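target_31.txt follows (compact mmCIF, C-alpha atoms):
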```
# COMPACT_ATOMS: atom_id res chain seq x y z
CA MET A 1412 -33.41 -2.13 -71.77
CA THR A 1413 -32.56 1.06 -69.87
CA GLU A 1414 -29.10 1.81 -68.46
CA TYR A 1415 -28.73 3.54 -65.10
CA THR A 1416 -25.73 5.05 -63.32
CA VAL A 1417 -25.60 5.86 -59.62
CA ARG A 1418 -22.59 7.86 -58.42
CA GLU A 1419 -21.73 9.31 -55.03
CA THR A 1420 -18.54 11.09 -53.94
CA HIS A 1421 -17.33 11.61 -50.39
CA VAL A 1422 -14.12 12.86 -48.81
CA LEU A 1423 -12.89 10.32 -46.29
CA ARG A 1424 -10.72 11.58 -43.46
CA ALA A 1425 -8.14 8.83 -43.92
CA PRO A 1426 -4.99 8.45 -46.05
CA ILE A 1427 -5.42 6.97 -49.52
CA ASP A 1428 -3.06 4.02 -48.88
CA THR A 1429 -5.04 2.99 -45.80
CA VAL A 1430 -8.36 3.33 -47.62
CA TRP A 1431 -6.99 1.32 -50.54
CA ASN A 1432 -5.73 -1.46 -48.25
CA VAL A 1433 -9.25 -1.93 -46.87
CA VAL A 1434 -11.03 -1.76 -50.24
CA ASP A 1435 -8.48 -3.98 -51.97
CA ASP A 1436 -9.15 -6.86 -49.55
CA THR A 1437 -12.29 -8.59 -50.84
CA ALA A 1438 -12.67 -10.54 -47.57
CA ARG A 1439 -13.42 -7.28 -45.72
CA TYR A 1440 -16.47 -6.07 -47.65
CA ALA A 1441 -18.96 -7.02 -44.93
CA GLU A 1442 -17.08 -4.62 -42.62
CA TRP A 1443 -17.93 -1.56 -44.66
CA VAL A 1444 -20.19 -2.18 -47.67
CA ASP A 1445 -23.79 -1.48 -46.71
CA GLY A 1446 -25.89 -4.40 -47.86
CA VAL A 1447 -23.14 -7.04 -47.65
CA LEU A 1448 -24.19 -9.44 -44.93
CA ALA A 1449 -21.22 -11.78 -45.39
CA VAL A 1450 -18.41 -12.49 -47.79
CA THR A 1451 -18.92 -16.15 -48.63
CA GLY A 1452 -15.91 -16.66 -50.86
CA ASP A 1453 -12.92 -14.44 -51.46
CA HIS A 1454 -9.42 -14.37 -52.87
CA GLY A 1455 -7.92 -11.76 -50.55
CA ARG A 1456 -6.30 -8.89 -52.44
CA ALA A 1457 -8.16 -7.96 -55.61
CA ARG A 1458 -6.59 -9.19 -58.81
CA VAL A 1459 -7.94 -9.02 -62.33
CA GLY A 1460 -9.96 -12.09 -63.29
CA ALA A 1461 -10.45 -13.32 -59.73
CA THR A 1462 -13.94 -13.71 -58.25
CA TYR A 1463 -15.46 -13.28 -54.81
CA SER A 1464 -18.97 -13.94 -53.57
CA GLU A 1465 -21.27 -12.32 -51.05
CA HIS A 1466 -24.55 -12.78 -49.25
CA ASN A 1467 -26.36 -9.46 -49.78
CA ARG A 1468 -29.44 -7.66 -48.53
CA THR A 1469 -31.51 -6.34 -51.43
CA LEU A 1470 -34.86 -4.70 -50.69
CA GLY A 1471 -36.42 -5.00 -47.25
CA PRO A 1472 -35.98 -8.53 -45.88
CA LEU A 1473 -34.95 -9.97 -49.26
CA THR A 1474 -31.43 -11.32 -49.71
CA THR A 1475 -29.40 -12.72 -52.58
CA GLN A 1476 -26.11 -14.40 -53.35
CA SER A 1477 -23.84 -12.44 -55.66
CA VAL A 1478 -20.63 -13.23 -57.51
CA TRP A 1479 -18.20 -10.49 -58.51
CA THR A 1480 -15.33 -10.59 -60.99
CA VAL A 1481 -12.48 -8.11 -60.67
CA GLU A 1482 -12.19 -6.37 -64.05
CA GLU A 1483 -9.62 -3.65 -63.35
CA VAL A 1484 -7.15 -2.75 -60.60
CA ILE A 1485 -5.10 0.45 -60.74
CA ALA A 1486 -3.71 0.79 -57.22
CA PRO A 1487 -4.48 2.99 -55.35
CA ALA A 1488 -6.70 4.90 -57.78
CA ARG A 1489 -9.38 2.61 -59.24
CA ARG A 1490 -11.14 -0.75 -58.92
CA ARG A 1491 -13.83 -2.00 -61.27
CA ASP A 1492 -15.79 -5.23 -60.76
CA SER A 1493 -18.69 -6.81 -62.61
CA GLY A 1494 -21.41 -8.60 -60.66
CA ARG A 1495 -24.27 -11.00 -61.08
CA GLY A 1496 -26.99 -12.25 -58.78
CA PHE A 1497 -29.01 -9.06 -58.34
CA ALA A 1498 -32.01 -9.83 -60.56
CA PRO A 1499 -33.59 -7.90 -62.20
CA LEU A 1500 -30.38 -5.82 -62.54
CA GLN A 1501 -28.25 -6.86 -65.49
CA ASN A 1502 -24.80 -5.82 -66.75
CA LEU A 1503 -23.87 -4.65 -63.25
CA VAL A 1504 -20.52 -2.85 -62.97
CA ASN A 1505 -19.21 -1.42 -59.71
CA THR A 1506 -16.38 1.15 -59.71
CA PHE A 1507 -14.41 2.68 -56.85
CA GLU A 1508 -12.18 5.68 -57.63
CA PHE A 1509 -9.79 7.33 -55.18
CA ALA A 1510 -7.63 10.45 -55.18
CA PRO A 1511 -5.58 12.10 -52.45
CA PHE A 1512 -7.37 15.07 -50.93
CA GLY A 1513 -5.00 17.06 -48.77
CA ALA A 1514 -2.45 15.46 -46.49
CA ASP A 1515 -4.49 12.69 -44.86
CA CYS A 1516 -7.80 12.60 -46.73
CA THR A 1517 -9.09 10.68 -49.72
CA SER A 1518 -11.74 11.61 -52.23
CA MET A 1519 -13.77 8.51 -53.11
CA THR A 1520 -16.30 8.06 -55.87
CA TYR A 1521 -18.52 5.00 -55.65
CA GLU A 1522 -20.38 4.24 -58.87
CA VAL A 1523 -22.53 1.47 -60.24
CA THR A 1524 -24.03 1.05 -63.69
CA PHE A 1525 -26.68 -1.49 -64.56
CA THR A 1526 -29.42 -2.18 -67.04
CA LEU A 1527 -33.02 -2.89 -66.24
CA ARG A 1528 -35.83 -4.24 -68.38
CA LEU A 1529 -39.20 -4.50 -66.68
CA GLY A 1530 -41.54 -3.11 -69.31
CA PRO A 1531 -43.72 -0.32 -67.92
CA LEU A 1532 -42.23 -0.83 -64.43
CA THR A 1533 -38.68 0.00 -65.58
CA ALA A 1534 -38.83 3.76 -64.88
CA PRO A 1535 -40.43 3.63 -61.40
CA VAL A 1536 -38.28 0.68 -60.27
CA GLY A 1537 -35.19 2.39 -61.69
CA LEU A 1538 -35.95 5.55 -59.70
CA ILE A 1539 -36.43 3.58 -56.47
CA LEU A 1540 -33.22 1.62 -57.06
CA ARG A 1541 -31.18 4.75 -57.82
CA GLN A 1542 -32.34 6.41 -54.61
CA ALA A 1543 -31.76 3.28 -52.50
CA LEU A 1544 -28.30 2.69 -53.97
CA ALA A 1545 -27.23 6.31 -53.46
CA GLY A 1546 -28.11 5.97 -49.77
CA GLU A 1547 -26.24 2.66 -49.52
CA PHE A 1548 -23.16 4.22 -51.13
CA ARG A 1549 -23.16 7.14 -48.68
CA ARG A 1550 -23.50 4.78 -45.71
CA SER A 1551 -20.76 2.52 -47.12
CA MET A 1552 -18.33 5.40 -47.53
CA ARG A 1553 -18.97 6.60 -43.97
CA ARG A 1554 -18.35 3.07 -42.68
CA LEU A 1555 -15.21 2.78 -44.81
CA GLU A 1556 -13.96 6.05 -43.34
CA THR A 1557 -14.49 4.71 -39.81
CA VAL A 1558 -12.64 1.46 -40.59
CA ALA A 1559 -9.77 3.25 -42.36
CA ARG A 1560 -9.39 5.86 -39.60
CA ALA A 1561 -9.15 3.10 -36.99
CA GLU A 1562 -6.50 1.33 -39.06
CA ALA A 1563 -4.53 4.54 -39.61
CA ALA A 1564 -4.59 5.17 -35.85
CA MET A 1565 -3.32 1.62 -35.18
CA ASP A 1566 -0.58 2.09 -37.77
CA ARG A 1567 0.53 5.26 -35.98
CA VAL A 1568 0.58 3.48 -32.61
CA VAL A 1569 2.54 0.52 -33.96
CA GLY A 1570 4.89 2.83 -35.87
CA ALA A 1571 5.57 4.88 -32.72
CA ARG A 1572 6.94 1.83 -30.86
```
Whole structure, structure tokens version:
Amino acid sequence: MTEYTVRETHVLRAPIDTVWNVVDDTARYAEWVDGVLAVTGDHGRARVGATYSEHNRTLGPLTTQSVWTVEEVIAPARRRDSGRGFAPLQNLVNTFEFAPFGADCTSMTYEVTFTLRLGPLTAPVGLILRQALAGEFRRSMRRLETVARAEAAMDRVVGAR
């Protein structure tokens, strides 16, 4: 069994509290996570031990149902969830890390680790998956930035009243 890690970092032009409020709400993942077609069961704000489920796109037209368990919440700095339902990936762990970056920006690291055991196909499939996931993470972070910036703008409008 081979373990893989995929990690991407991006600076989002949105305040950390706004970014955290979006990420912390498990019902909102289809808004910004590339590959999430729908959240099919959620518990709202992330809390350790709670689960949420999704309908996900995998490769090409293939889809799957996944279930995630929240393993760690350190607001607004870190979230770690474990997932199942992405065969042949096993021991899947997803981590989001955030840090303030200047006055109104947030540095985000999006990481996943998983194991794969496919005999002689492990290495080529692992390479394809790492490349595909890295692209999904970059698209997700750009979408998250768009959602968070819109919310920050709304907060400013409401706060100005």
Task: Residues near Ala1461 (chain A), cut-off 10 Å, all atoms listed in the file, skip fewer than 5 positions along chain, as a PyMOL selection string - done: chain A and resi 1453-1456+1479-1482+1492
Task: Nearby residues, (-29.2, -8.2, -53.0) file frame, 9 Å, all atoms listed in the file, as a list of chain:residue names - done: A:Gly1446, A:Val1447, A:His1466, A:Asn1467, A:Arg1468, A:Thr1469, A:Leu1470, A:Leu1473, A:Thr1474, A:Thr1475, A:Gln1476, A:Ser1477, A:Gly1496, A:Phe1497, A:Ala1498
Task: Interatomic distance, CA of Ala1457 (chain A) to CA of Gln1542 (chain A) (Å, one decimal) - done: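 Result for CA of Ala1457 (chain A) versus CA of Gln1542 (chain A): 28.1 Å, one decimal.
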- [ ] Write out as a PyMOL selection string the residues lying within 6 Å of region 1422-1432 of chain A, counting all atoms listed in the file and excluding same-chain residues fewer than 6 positions away.
- [x] chain A and resi 1487+1511+1515-1518+1556+1559-1560
Open item on the list: Excluding Phe1507 (chain A) and its own-chain neighbours fewer than 6 positions away, which residues fall within 12 Å of it when counting only C-alpha atoms? Please give them as JSON, numbers by chain.
Closed with: {"A": [1417, 1418, 1419, 1420, 1421, 1430, 1431, 1434, 1435, 1444, 1481, 1482, 1483, 1484, 1485, 1486, 1487, 1488, 1489, 1490, 1491, 1492, 1493, 1517, 1518, 1519, 1520, 1521, 1522, 1523, 1524, 1548, 1551, 1552]}
Just C-alpha atoms for this one: save the residues we selected as a tab-separated table (two decimals), in the coordinates of the input.
```tsv
chain	number	residue	atom	x	y	z
A	1417	VAL	CA	-25.60	5.86	-59.62
A	1418	ARG	CA	-22.59	7.86	-58.42
A	1419	GLU	CA	-21.73	9.31	-55.03
A	1420	THR	CA	-18.54	11.09	-53.94
A	1421	HIS	CA	-17.33	11.61	-50.39
A	1430	VAL	CA	-8.36	3.33	-47.62
A	1431	TRP	CA	-6.99	1.32	-50.54
A	1434	VAL	CA	-11.03	-1.76	-50.24
A	1435	ASP	CA	-8.48	-3.98	-51.97
A	1444	VAL	CA	-20.19	-2.18	-47.67
A	1481	VAL	CA	-12.48	-8.11	-60.67
A	1482	GLU	CA	-12.19	-6.37	-64.05
A	1483	GLU	CA	-9.62	-3.65	-63.35
A	1484	VAL	CA	-7.15	-2.75	-60.60
A	1485	ILE	CA	-5.10	0.45	-60.74
A	1486	ALA	CA	-3.71	0.79	-57.22
A	1487	PRO	CA	-4.48	2.99	-55.35
A	1488	ALA	CA	-6.70	4.90	-57.78
A	1489	ARG	CA	-9.38	2.61	-59.24
A	1490	ARG	CA	-11.14	-0.75	-58.92
A	1491	ARG	CA	-13.83	-2.00	-61.27
A	1492	ASP	CA	-15.79	-5.23	-60.76
A	1493	SER	CA	-18.69	-6.81	-62.61
A	1517	THR	CA	-9.09	10.68	-49.72
A	1518	SER	CA	-11.74	11.61	-52.23
A	1519	MET	CA	-13.77	8.51	-53.11
A	1520	THR	CA	-16.30	8.06	-55.87
A	1521	TYR	CA	-18.52	5.00	-55.65
A	1522	GLU	CA	-20.38	4.24	-58.87
A	1523	VAL	CA	-22.53	1.47	-60.24
A	1524	THR	CA	-24.03	1.05	-63.69
A	1548	PHE	CA	-23.16	4.22	-51.13
A	1551	SER	CA	-20.76	2.52	-47.12
A	1552	MET	CA	-18.33	5.40	-47.53
```
- [ ] Give me, please, the distance in Å between CA of Trp1443 (chain A) and CA of Asn1505 (chain A), quoted to one decimal.
- [x]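 These atoms are spaced 15.1 Å apart.
Going from CA of Leu1555 (chain A) to CA of Glu1442 (chain A) covers 7.9 Å.
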Write out as lines of an AutoDock Vina configuration file an axis-aligned box for region 1518-1530 of chain A: all of its atoms listed in the file, 8 Å added on each side, centre and edge lengths in Å with one decimal.
```
center_x = -26.6
center_y = 3.6
center_z = -60.8
size_x = 45.8
size_y = 32.1
size_z = 33.1
```
Task: Top pick for closest residue to Tyr1415 (chain A), considering A:Gly1546, A:Gly1513, A:Val1536, A:Arg1553 and counting all atoms listed in the file - done: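 Among the listed residues, the smallest separation from Tyr1415 (chain A) belongs to A:Val1536.
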- [ ] Check the smallest atom-to-atom distance from each of A:Ala1441, A:Ala1514, A:Gly1494, A:Glu1414 to Leu1538 (chain A) using all atoms listed in the file, then report the winner.
- [x]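 Closest to Leu1538 (chain A) of all the choices is A:Glu1414.
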Export all heavy atoms of region 1445-1458 of chain A from the structure just given, as a PDB file, in the first residue's frame?
```pdb
ATOM      1  N   ASP A1445     -14.679  21.877  -5.773  1.00  0.00           N
ATOM      2  CA  ASP A1445     -14.731  21.291  -7.105  1.00  0.00           C
ATOM      3  C   ASP A1445     -14.904  19.783  -6.959  1.00  0.00           C
ATOM      4  O   ASP A1445     -14.171  19.141  -6.218  1.00  0.00           O
ATOM      5  CB  ASP A1445     -13.427  21.606  -7.858  1.00  0.00           C
ATOM      6  CG  ASP A1445     -13.506  21.209  -9.310  1.00  0.00           C
ATOM      7  OD1 ASP A1445     -14.438  21.656  -9.987  1.00  0.00           O
ATOM      8  OD2 ASP A1445     -12.617  20.459  -9.761  1.00  0.00           O
ATOM      9  N   GLY A1446     -15.868  19.242  -7.623  1.00  0.00           N
ATOM     10  CA  GLY A1446     -16.114  17.806  -7.543  1.00  0.00           C
ATOM     11  C   GLY A1446     -17.280  17.452  -6.643  1.00  0.00           C
ATOM     12  O   GLY A1446     -17.771  16.331  -6.693  1.00  0.00           O
ATOM     13  N   VAL A1447     -17.748  18.380  -5.812  1.00  0.00           N
ATOM     14  CA  VAL A1447     -18.932  18.112  -4.988  1.00  0.00           C
ATOM     15  C   VAL A1447     -20.150  18.551  -5.787  1.00  0.00           C
ATOM     16  O   VAL A1447     -20.336  19.733  -6.053  1.00  0.00           O
ATOM     17  CB  VAL A1447     -18.874  18.831  -3.625  1.00  0.00           C
ATOM     18  CG1 VAL A1447     -20.179  18.610  -2.852  1.00  0.00           C
ATOM     19  CG2 VAL A1447     -17.690  18.340  -2.802  1.00  0.00           C
ATOM     20  N   LEU A1448     -20.953  17.592  -6.185  1.00  0.00           N
ATOM     21  CA  LEU A1448     -22.155  17.887  -6.953  1.00  0.00           C
ATOM     22  C   LEU A1448     -23.299  18.322  -6.043  1.00  0.00           C
ATOM     23  O   LEU A1448     -24.098  19.174  -6.409  1.00  0.00           O
ATOM     24  CB  LEU A1448     -22.567  16.670  -7.778  1.00  0.00           C
ATOM     25  CG  LEU A1448     -21.503  16.178  -8.774  1.00  0.00           C
ATOM     26  CD1 LEU A1448     -21.920  14.854  -9.395  1.00  0.00           C
ATOM     27  CD2 LEU A1448     -21.249  17.234  -9.834  1.00  0.00           C
ATOM     28  N   ALA A1449     -23.369  17.716  -4.861  1.00  0.00           N
ATOM     29  CA  ALA A1449     -24.414  18.069  -3.889  1.00  0.00           C
ATOM     30  C   ALA A1449     -24.005  17.568  -2.515  1.00  0.00           C
ATOM     31  O   ALA A1449     -23.356  16.534  -2.389  1.00  0.00           O
ATOM     32  CB  ALA A1449     -25.738  17.432  -4.287  1.00  0.00           C
ATOM     33  N   VAL A1450     -24.388  18.318  -1.519  1.00  0.00           N
ATOM     34  CA  VAL A1450     -24.268  17.850  -0.135  1.00  0.00           C
ATOM     35  C   VAL A1450     -25.585  17.153   0.156  1.00  0.00           C
ATOM     36  O   VAL A1450     -26.658  17.756   0.052  1.00  0.00           O
ATOM     37  CB  VAL A1450     -24.027  19.025   0.842  1.00  0.00           C
ATOM     38  CG1 VAL A1450     -24.004  18.526   2.273  1.00  0.00           C
ATOM     39  CG2 VAL A1450     -22.724  19.743   0.493  1.00  0.00           C
ATOM     40  N   THR A1451     -25.510  15.867   0.475  1.00  0.00           N
ATOM     41  CA  THR A1451     -26.730  15.075   0.638  1.00  0.00           C
ATOM     42  C   THR A1451     -27.111  14.861   2.090  1.00  0.00           C
ATOM     43  O   THR A1451     -28.171  14.329   2.376  1.00  0.00           O
ATOM     44  CB  THR A1451     -26.571  13.711  -0.077  1.00  0.00           C
ATOM     45  OG1 THR A1451     -25.416  13.047   0.446  1.00  0.00           O
ATOM     46  CG2 THR A1451     -26.424  13.901  -1.581  1.00  0.00           C
ATOM     47  N   GLY A1452     -26.257  15.251   2.996  1.00  0.00           N
ATOM     48  CA  GLY A1452     -26.542  15.182   4.423  1.00  0.00           C
ATOM     49  C   GLY A1452     -25.507  16.003   5.154  1.00  0.00           C
ATOM     50  O   GLY A1452     -24.316  15.874   4.881  1.00  0.00           O
ATOM     51  N   ASP A1453     -25.960  16.896   6.034  1.00  0.00           N
ATOM     52  CA  ASP A1453     -24.986  17.736   6.716  1.00  0.00           C
ATOM     53  C   ASP A1453     -25.453  18.012   8.134  1.00  0.00           C
ATOM     54  O   ASP A1453     -26.592  17.735   8.491  1.00  0.00           O
ATOM     55  CB  ASP A1453     -24.771  19.052   5.958  1.00  0.00           C
ATOM     56  CG  ASP A1453     -25.928  19.998   6.107  1.00  0.00           C
ATOM     57  OD1 ASP A1453     -26.900  19.884   5.338  1.00  0.00           O
ATOM     58  OD2 ASP A1453     -25.874  20.841   7.018  1.00  0.00           O
ATOM     59  N   HIS A1454     -24.559  18.574   8.902  1.00  0.00           N
ATOM     60  CA  HIS A1454     -24.864  18.937  10.290  1.00  0.00           C
ATOM     61  C   HIS A1454     -24.596  20.419  10.540  1.00  0.00           C
ATOM     62  O   HIS A1454     -24.465  20.843  11.679  1.00  0.00           O
ATOM     63  CB  HIS A1454     -24.043  18.069  11.247  1.00  0.00           C
ATOM     64  CG  HIS A1454     -22.569  18.159  11.013  1.00  0.00           C
ATOM     65  ND1 HIS A1454     -21.912  17.305  10.168  1.00  0.00           N
ATOM     66  CD2 HIS A1454     -21.656  19.024  11.472  1.00  0.00           C
ATOM     67  CE1 HIS A1454     -20.624  17.645  10.132  1.00  0.00           C
ATOM     68  NE2 HIS A1454     -20.449  18.685  10.906  1.00  0.00           N
ATOM     69  N   GLY A1455     -24.496  21.196   9.464  1.00  0.00           N
ATOM     70  CA  GLY A1455     -24.250  22.628   9.631  1.00  0.00           C
ATOM     71  C   GLY A1455     -22.797  22.889   9.974  1.00  0.00           C
ATOM     72  O   GLY A1455     -21.904  22.422   9.284  1.00  0.00           O
ATOM     73  N   ARG A1456     -22.562  23.619  11.033  1.00  0.00           N
ATOM     74  CA  ARG A1456     -21.200  23.951  11.458  1.00  0.00           C
ATOM     75  C   ARG A1456     -20.445  22.679  11.841  1.00  0.00           C
ATOM     76  O   ARG A1456     -21.000  21.798  12.511  1.00  0.00           O
ATOM     77  CB  ARG A1456     -21.207  24.917  12.633  1.00  0.00           C
ATOM     78  CG  ARG A1456     -21.817  26.249  12.290  1.00  0.00           C
ATOM     79  CD  ARG A1456     -20.867  27.044  11.432  1.00  0.00           C
ATOM     80  NE  ARG A1456     -21.528  28.214  10.865  1.00  0.00           N
ATOM     81  CZ  ARG A1456     -21.115  28.837   9.791  1.00  0.00           C
ATOM     82  NH1 ARG A1456     -20.051  28.427   9.151  1.00  0.00           N
ATOM     83  NH2 ARG A1456     -21.753  29.867   9.331  1.00  0.00           N
ATOM     84  N   ALA A1457     -19.194  22.617  11.400  1.00  0.00           N
ATOM     85  CA  ALA A1457     -18.376  21.427  11.660  1.00  0.00           C
ATOM     86  C   ALA A1457     -18.146  21.254  13.151  1.00  0.00           C
ATOM     87  O   ALA A1457     -17.824  22.205  13.856  1.00  0.00           O
ATOM     88  CB  ALA A1457     -17.047  21.548  10.930  1.00  0.00           C
ATOM     89  N   ARG A1458     -18.310  20.043  13.615  1.00  0.00           N
ATOM     90  CA  ARG A1458     -17.984  19.719  14.998  1.00  0.00           C
ATOM     91  C   ARG A1458     -17.400  18.308  15.043  1.00  0.00           C
ATOM     92  O   ARG A1458     -17.837  17.425  14.285  1.00  0.00           O
ATOM     93  CB  ARG A1458     -19.176  19.899  15.920  1.00  0.00           C
ATOM     94  CG  ARG A1458     -20.356  19.066  15.618  1.00  0.00           C
ATOM     95  CD  ARG A1458     -21.543  19.414  16.542  1.00  0.00           C
ATOM     96  NE  ARG A1458     -22.588  18.438  16.396  1.00  0.00           N
ATOM     97  CZ  ARG A1458     -23.456  18.409  15.396  1.00  0.00           C
ATOM     98  NH1 ARG A1458     -23.410  19.304  14.449  1.00  0.00           N
ATOM     99  NH2 ARG A1458     -24.367  17.461  15.331  1.00  0.00           N
TER     100      ARG A1458
END
```
